[in-house]
Amino acid sequence: MTLNKKLTIAIDGPAGSGKSSVARLVAQKLGYNYLDSGAMYRALALNALQGGGIALSSEHELEALARDTHIELRPVPPTLQDPCIHNQVFLDGVDVTQSIRTNEVAQAASRVATVPGVRKILVAEQQRAGAGGGVVMEGRDIGTVVFPNAELKIFLEATPEARAERRSKEHLEKGEPVDAAKALEEIHQRDQRDTQRRVSPLVRAADAVLVDNTAMDVEETARLIVQLAREREARIGKDAGVVA
């Protein structure tokens, strides 16, 4: 019997494309570990905002902060039933899972993520966390920088309007109503920052499978990716001649 190899699955895409929700569901269906790379940048951004005196424009201070900060991602415990939360996040030993979900922190995180020194430090952490396979990780440079040799790369895409609508719904569920026009403006701003940043800009890897989920919900998107993963697992196992 062929023993299928556990893959490293990289899911990239712009803000509001549903990467986090889809990646978590894919991990559940495959029995893989899910790592929310964005949560690491959010945690560091929260640390900067709470630290006092650290400007988000100061690359030197942010890099030093990243070097001195310990961020740990853990599986979500059964007692934490929140579809917007994908990992339990600890910042220097303190649970900040809820604190990093605000719009202020999200916007700050997108700025922190543009700092080359910060990215170098956190990418190394992500690579250590995902070593060995059996992992689903999402972000904006997972398939191009963090796991360039991932066995399966997905690039999620959706129209700006669809992504803005999803973001508005997320904020509403958290009790933070956001005007539709403002949500769309934020999406455009995030897209510009992510695609034009100096280090690791958002770009589709040459070998990534493009999935446009404008008209697909999370379940449909996850089912498609799981199907692709099963096919890739079987093909790699067959090519390697691995048997149980």
# chains A, B, ... in the order shown; residues from 1 in each chain; ligands from 1

$ residues_around --residues "region 224-229 of chain A" --least-positions-apart "5" --cutoff "9 Å" --atoms "only C-alpha atoms" --output "list of chain:residue names"
A:Leu7, A:Ile9, A:Val22, A:Val26, A:Ala27, A:Lys29, A:Leu30, A:Glu151, A:Leu152, A:Ile154, A:Val211, A:Glu219, A:Ala234

$ write_last_selection --atoms "all heavy atoms" --output "JSON list (two decimals), in the first residue's frame"
[["chain", "number", "residue", "atom", "x", "y", "z"],
["A", 7, "LEU", "N", 2.43, 16.86, 3.11],
["A", 7, "LEU", "CA", 2.92, 17.99, 2.35],
["A", 7, "LEU", "C", 3.13, 19.24, 3.21],
["A", 7, "LEU", "O", 2.60, 19.35, 4.31],
["A", 7, "LEU", "CB", 1.93, 18.37, 1.23],
["A", 7, "LEU", "CG", 1.35, 17.25, 0.38],
["A", 7, "LEU", "CD1", 0.31, 17.84, -0.58],
["A", 7, "LEU", "CD2", 2.45, 16.53, -0.39],
["A", 9, "ILE", "N", 1.92, 22.91, 2.61],
["A", 9, "ILE", "CA", 0.98, 23.62, 1.74],
["A", 9, "ILE", "C", 1.07, 25.12, 2.01],
["A", 9, "ILE", "O", 0.88, 25.56, 3.15],
["A", 9, "ILE", "CB", -0.46, 23.12, 1.96],
["A", 9, "ILE", "CG1", -0.55, 21.63, 1.66],
["A", 9, "ILE", "CG2", -1.44, 23.91, 1.09],
["A", 9, "ILE", "CD1", -1.92, 21.02, 1.92],
["A", 22, "VAL", "N", -9.79, 29.56, 5.09],
["A", 22, "VAL", "CA", -9.61, 28.43, 4.17],
["A", 22, "VAL", "C", -8.46, 27.54, 4.66],
["A", 22, "VAL", "O", -8.58, 26.31, 4.70],
["A", 22, "VAL", "CB", -9.34, 28.93, 2.74],
["A", 22, "VAL", "CG1", -8.85, 27.79, 1.85],
["A", 22, "VAL", "CG2", -10.59, 29.56, 2.15],
["A", 26, "VAL", "N", -8.68, 23.62, 5.63],
["A", 26, "VAL", "CA", -7.88, 22.64, 4.89],
["A", 26, "VAL", "C", -7.05, 21.80, 5.86],
["A", 26, "VAL", "O", -6.98, 20.57, 5.73],
["A", 26, "VAL", "CB", -6.95, 23.35, 3.88],
["A", 26, "VAL", "CG1", -5.91, 22.37, 3.33],
["A", 26, "VAL", "CG2", -7.76, 23.94, 2.73],
["A", 27, "ALA", "N", -6.43, 22.45, 6.83],
["A", 27, "ALA", "CA", -5.63, 21.73, 7.82],
["A", 27, "ALA", "C", -6.48, 20.74, 8.61],
["A", 27, "ALA", "O", -6.06, 19.60, 8.86],
["A", 27, "ALA", "CB", -4.96, 22.73, 8.77],
["A", 29, "LYS", "N", -9.28, 19.27, 7.64],
["A", 29, "LYS", "CA", -9.70, 18.16, 6.78],
["A", 29, "LYS", "C", -8.57, 17.18, 6.49],
["A", 29, "LYS", "O", -8.80, 15.99, 6.33],
["A", 29, "LYS", "CB", -10.27, 18.73, 5.46],
["A", 29, "LYS", "CG", -11.61, 19.44, 5.60],
["A", 29, "LYS", "CD", -12.07, 20.01, 4.27],
["A", 29, "LYS", "CE", -13.42, 20.70, 4.37],
["A", 29, "LYS", "NZ", -14.52, 19.76, 4.66],
["A", 30, "LEU", "N", -7.34, 17.70, 6.42],
["A", 30, "LEU", "CA", -6.20, 16.84, 6.11],
["A", 30, "LEU", "C", -5.52, 16.27, 7.36],
["A", 30, "LEU", "O", -4.67, 15.39, 7.25],
["A", 30, "LEU", "CB", -5.16, 17.63, 5.30],
["A", 30, "LEU", "CG", -5.54, 18.02, 3.87],
["A", 30, "LEU", "CD1", -4.49, 18.96, 3.29],
["A", 30, "LEU", "CD2", -5.68, 16.77, 3.00],
["A", 151, "GLU", "N", 5.35, 21.57, -1.51],
["A", 151, "GLU", "CA", 4.84, 20.63, -2.52],
["A", 151, "GLU", "C", 3.55, 21.12, -3.17],
["A", 151, "GLU", "O", 3.23, 20.72, -4.29],
["A", 151, "GLU", "CB", 4.61, 19.26, -1.89],
["A", 151, "GLU", "CG", 5.87, 18.53, -1.47],
["A", 151, "GLU", "CD", 6.34, 18.89, -0.07],
["A", 151, "GLU", "OE1", 5.71, 19.76, 0.56],
["A", 151, "GLU", "OE2", 7.30, 18.27, 0.40],
["A", 152, "LEU", "N", 2.79, 21.95, -2.46],
["A", 152, "LEU", "CA", 1.57, 22.50, -3.04],
["A", 152, "LEU", "C", 1.46, 23.97, -2.68],
["A", 152, "LEU", "O", 1.49, 24.34, -1.51],
["A", 152, "LEU", "CB", 0.33, 21.75, -2.52],
["A", 152, "LEU", "CG", -1.03, 22.28, -3.04],
["A", 152, "LEU", "CD1", -1.10, 22.17, -4.56],
["A", 152, "LEU", "CD2", -2.19, 21.52, -2.40],
["A", 154, "ILE", "N", -0.84, 27.49, -3.36],
["A", 154, "ILE", "CA", -2.13, 28.02, -3.80],
["A", 154, "ILE", "C", -2.08, 29.54, -3.76],
["A", 154, "ILE", "O", -1.56, 30.12, -2.79],
["A", 154, "ILE", "CB", -3.28, 27.53, -2.89],
["A", 154, "ILE", "CG1", -3.33, 26.00, -2.84],
["A", 154, "ILE", "CG2", -4.61, 28.12, -3.34],
["A", 154, "ILE", "CD1", -3.71, 25.33, -4.14],
["A", 211, "VAL", "N", -6.54, 30.11, -7.61],
["A", 211, "VAL", "CA", -7.93, 29.79, -7.24],
["A", 211, "VAL", "C", -8.67, 31.10, -7.02],
["A", 211, "VAL", "O", -8.38, 31.84, -6.08],
["A", 211, "VAL", "CB", -7.98, 28.93, -5.95],
["A", 211, "VAL", "CG1", -9.44, 28.71, -5.53],
["A", 211, "VAL", "CG2", -7.28, 27.60, -6.16],
["A", 219, "GLU", "N", -16.02, 26.75, 2.55],
["A", 219, "GLU", "CA", -16.12, 25.30, 2.43],
["A", 219, "GLU", "C", -15.79, 24.83, 1.02],
["A", 219, "GLU", "O", -15.04, 23.85, 0.84],
["A", 219, "GLU", "CB", -17.52, 24.84, 2.82],
["A", 219, "GLU", "CG", -17.77, 23.34, 2.73],
["A", 219, "GLU", "CD", -16.98, 22.54, 3.76],
["A", 219, "GLU", "OE1", -16.77, 23.04, 4.87],
["A", 219, "GLU", "OE2", -16.58, 21.40, 3.43],
["A", 234, "ALA", "N", -0.67, 11.63, -3.32],
["A", 234, "ALA", "CA", -0.63, 10.32, -3.98],
["A", 234, "ALA", "C", 0.44, 10.29, -5.07],
["A", 234, "ALA", "O", 1.17, 9.29, -5.22],
["A", 234, "ALA", "CB", -2.00, 10.00, -4.57]]

$ closest_residue --among "A:Arg42, A:Asn33, A:Gly93, A:Thr221" --to "Ala158 (chain A)" --atoms "only C-alpha atoms"
A:Thr221

$ closest_residue --among "A:Ser168, A:Gln88, A:Thr69, A:Gln192" --to "Asp36 (chain A)" --atoms "only C-alpha atoms"
A:Gln88

$ residues_around --residues "region 51-67 of chain A" --least-positions-apart "6" --cutoff "8 Å" --atoms "only C-alpha atoms" --output "number ranges by chain"
A: 44, 108, 111-112, 115, 117-118, 121-122

$ residues_around --residues "region 11-20 of chain A" --least-positions-apart "3" --cutoff "8 Å" --atoms "only C-alpha atoms" --output "ChimeraX atom specification"
/A:23-24,36,86,136-143,153-158,162-164,166-167,187,190-191,194,202,204,213,218

$ atom_distance --atom1 "CA of Ala106 (chain A)" --atom2 "CA of Met216 (chain A)"
24.4 Å

$ closest_residue --among "A:Gly31, A:Glu125, A:His188, A:Ser21" --to "Arg230 (chain A)" --atoms "only C-alpha atoms"
A:Gly31

$ residues_around --residues "Val96 (chain A)" --least-positions-apart "2" --cutoff "10 Å" --atoms "only C-alpha atoms" --output "number ranges by chain"
A: 39, 42-43, 46-47, 71, 88-94, 98-101

$ write_last_selection --atoms "all heavy atoms" --output "compact mmCIF listing (two decimals), in the first residue's frame"
# COMPACT_ATOMS: atom_id res chain seq x y z
N ALA A 39 -0.60 36.22 12.17
CA ALA A 39 -0.75 36.45 13.61
C ALA A 39 0.58 36.86 14.23
O ALA A 39 0.62 37.60 15.21
CB ALA A 39 -1.28 35.19 14.30
N ARG A 42 0.94 40.51 13.53
CA ARG A 42 -0.02 41.23 14.36
C ARG A 42 0.49 41.33 15.80
O ARG A 42 0.37 42.37 16.45
CB ARG A 42 -1.38 40.52 14.35
CG ARG A 42 -2.21 40.72 13.07
CD ARG A 42 -3.45 39.84 13.10
NE ARG A 42 -4.30 40.01 11.94
CZ ARG A 42 -5.42 40.72 11.91
NH1 ARG A 42 -5.81 41.34 13.02
NH2 ARG A 42 -6.14 40.83 10.83
N ALA A 43 1.05 40.23 16.30
CA ALA A 43 1.55 40.22 17.68
C ALA A 43 2.69 41.22 17.83
O ALA A 43 2.76 41.96 18.83
CB ALA A 43 2.01 38.81 18.07
N LEU A 46 1.23 44.70 17.81
CA LEU A 46 0.63 45.00 19.10
C LEU A 46 1.70 45.39 20.11
O LEU A 46 1.53 46.34 20.88
CB LEU A 46 -0.16 43.79 19.61
CG LEU A 46 -0.79 43.94 21.00
CD1 LEU A 46 -1.88 44.99 20.98
CD2 LEU A 46 -1.36 42.59 21.46
N ASN A 47 2.81 44.67 20.09
CA ASN A 47 3.91 44.97 21.00
C ASN A 47 4.44 46.38 20.75
O ASN A 47 4.74 47.12 21.70
CB ASN A 47 5.03 43.94 20.82
CG ASN A 47 5.90 43.79 22.05
OD1 ASN A 47 5.57 44.29 23.12
ND2 ASN A 47 7.01 43.08 21.91
N ILE A 71 7.28 35.11 20.17
CA ILE A 71 5.90 34.88 19.74
C ILE A 71 5.69 33.38 19.56
O ILE A 71 6.46 32.72 18.86
CB ILE A 71 5.60 35.61 18.42
CG1 ILE A 71 5.83 37.12 18.58
CG2 ILE A 71 4.17 35.34 17.96
CD1 ILE A 71 5.83 37.89 17.27
N GLN A 88 -3.95 30.13 18.85
CA GLN A 88 -3.83 30.84 20.11
C GLN A 88 -2.44 31.47 20.10
O GLN A 88 -1.45 30.80 19.83
CB GLN A 88 -3.98 29.88 21.30
CG GLN A 88 -4.19 30.60 22.62
CD GLN A 88 -4.57 29.63 23.73
OE1 GLN A 88 -4.36 28.43 23.61
NE2 GLN A 88 -5.12 30.14 24.81
N VAL A 89 -2.37 32.78 20.34
CA VAL A 89 -1.13 33.53 20.17
C VAL A 89 -0.63 34.04 21.51
O VAL A 89 -1.38 34.68 22.26
CB VAL A 89 -1.34 34.71 19.21
CG1 VAL A 89 -0.01 35.42 18.94
CG2 VAL A 89 -1.97 34.25 17.90
N PHE A 90 0.64 33.77 21.79
CA PHE A 90 1.26 34.23 23.02
C PHE A 90 2.40 35.18 22.69
O PHE A 90 3.28 34.86 21.89
CB PHE A 90 1.77 33.05 23.85
CG PHE A 90 0.67 32.24 24.47
CD1 PHE A 90 0.01 31.27 23.72
CD2 PHE A 90 0.27 32.46 25.78
CE1 PHE A 90 -1.02 30.53 24.28
CE2 PHE A 90 -0.76 31.73 26.35
CZ PHE A 90 -1.41 30.76 25.61
N LEU A 91 2.37 36.35 23.31
CA LEU A 91 3.40 37.37 23.13
C LEU A 91 4.19 37.48 24.43
O LEU A 91 3.65 37.91 25.45
CB LEU A 91 2.73 38.71 22.79
CG LEU A 91 3.63 39.94 22.70
CD1 LEU A 91 4.65 39.79 21.57
CD2 LEU A 91 2.79 41.20 22.50
N ASP A 92 5.44 37.04 24.38
CA ASP A 92 6.27 37.01 25.58
C ASP A 92 5.55 36.34 26.75
O ASP A 92 5.58 36.82 27.89
CB ASP A 92 6.69 38.43 25.96
CG ASP A 92 7.65 39.04 24.94
OD1 ASP A 92 8.41 38.27 24.32
OD2 ASP A 92 7.64 40.27 24.77
N GLY A 93 4.88 35.23 26.43
CA GLY A 93 4.21 34.44 27.44
C GLY A 93 2.80 34.87 27.79
O GLY A 93 2.12 34.20 28.57
N VAL A 94 2.33 35.99 27.22
CA VAL A 94 1.00 36.51 27.53
C VAL A 94 0.05 36.20 26.37
O VAL A 94 0.39 36.43 25.20
CB VAL A 94 1.05 38.04 27.77
CG1 VAL A 94 -0.36 38.58 28.02
CG2 VAL A 94 1.97 38.36 28.93
N GLN A 98 -6.99 37.52 21.47
CA GLN A 98 -8.08 38.45 21.18
C GLN A 98 -7.56 39.85 20.87
O GLN A 98 -8.10 40.55 20.01
CB GLN A 98 -9.05 38.51 22.38
CG GLN A 98 -9.72 37.19 22.73
CD GLN A 98 -10.78 36.77 21.74
OE1 GLN A 98 -11.13 37.51 20.82
NE2 GLN A 98 -11.32 35.56 21.92
N SER A 99 -6.52 40.26 21.56
CA SER A 99 -6.01 41.62 21.44
C SER A 99 -5.50 41.96 20.05
O SER A 99 -5.52 43.12 19.64
CB SER A 99 -4.89 41.86 22.45
OG SER A 99 -5.32 41.57 23.76
N ILE A 100 -5.02 40.95 19.30
CA ILE A 100 -4.43 41.24 17.99
C ILE A 100 -5.47 41.29 16.87
O ILE A 100 -5.10 41.52 15.71
CB ILE A 100 -3.36 40.19 17.62
CG1 ILE A 100 -3.99 38.80 17.45
CG2 ILE A 100 -2.25 40.17 18.64
CD1 ILE A 100 -3.03 37.77 16.87
N ARG A 101 -6.75 41.11 17.19
CA ARG A 101 -7.77 41.04 16.14
C ARG A 101 -8.41 42.37 15.80
O ARG A 101 -9.31 42.43 14.97
CB ARG A 101 -8.87 40.04 16.54
CG ARG A 101 -8.42 38.65 16.94
CD ARG A 101 -7.40 38.04 16.02
NE ARG A 101 -7.83 37.94 14.63
CZ ARG A 101 -7.11 37.41 13.66
NH1 ARG A 101 -5.90 36.95 13.92
NH2 ARG A 101 -7.55 37.36 12.43

$ closest_residue --among "A:Val145, A:Ala109, A:Leu73, A:Leu210" --to "Gln127 (chain A)" --atoms "only C-alpha atoms"
A:Val145

$ atom_distance --atom1 "CA of Ser37 (chain A)" --atom2 "CA of Phe147 (chain A)"
12.0 Å

$ select_by_dssp --residues "region 45-108 of chain A" --states "strand (DSSP E)" --output "list in words"
Ile71, Glu72, Leu73, Arg74, Gln88, Val89, Phe90, Leu91, Val94 and Asp95 of chain A
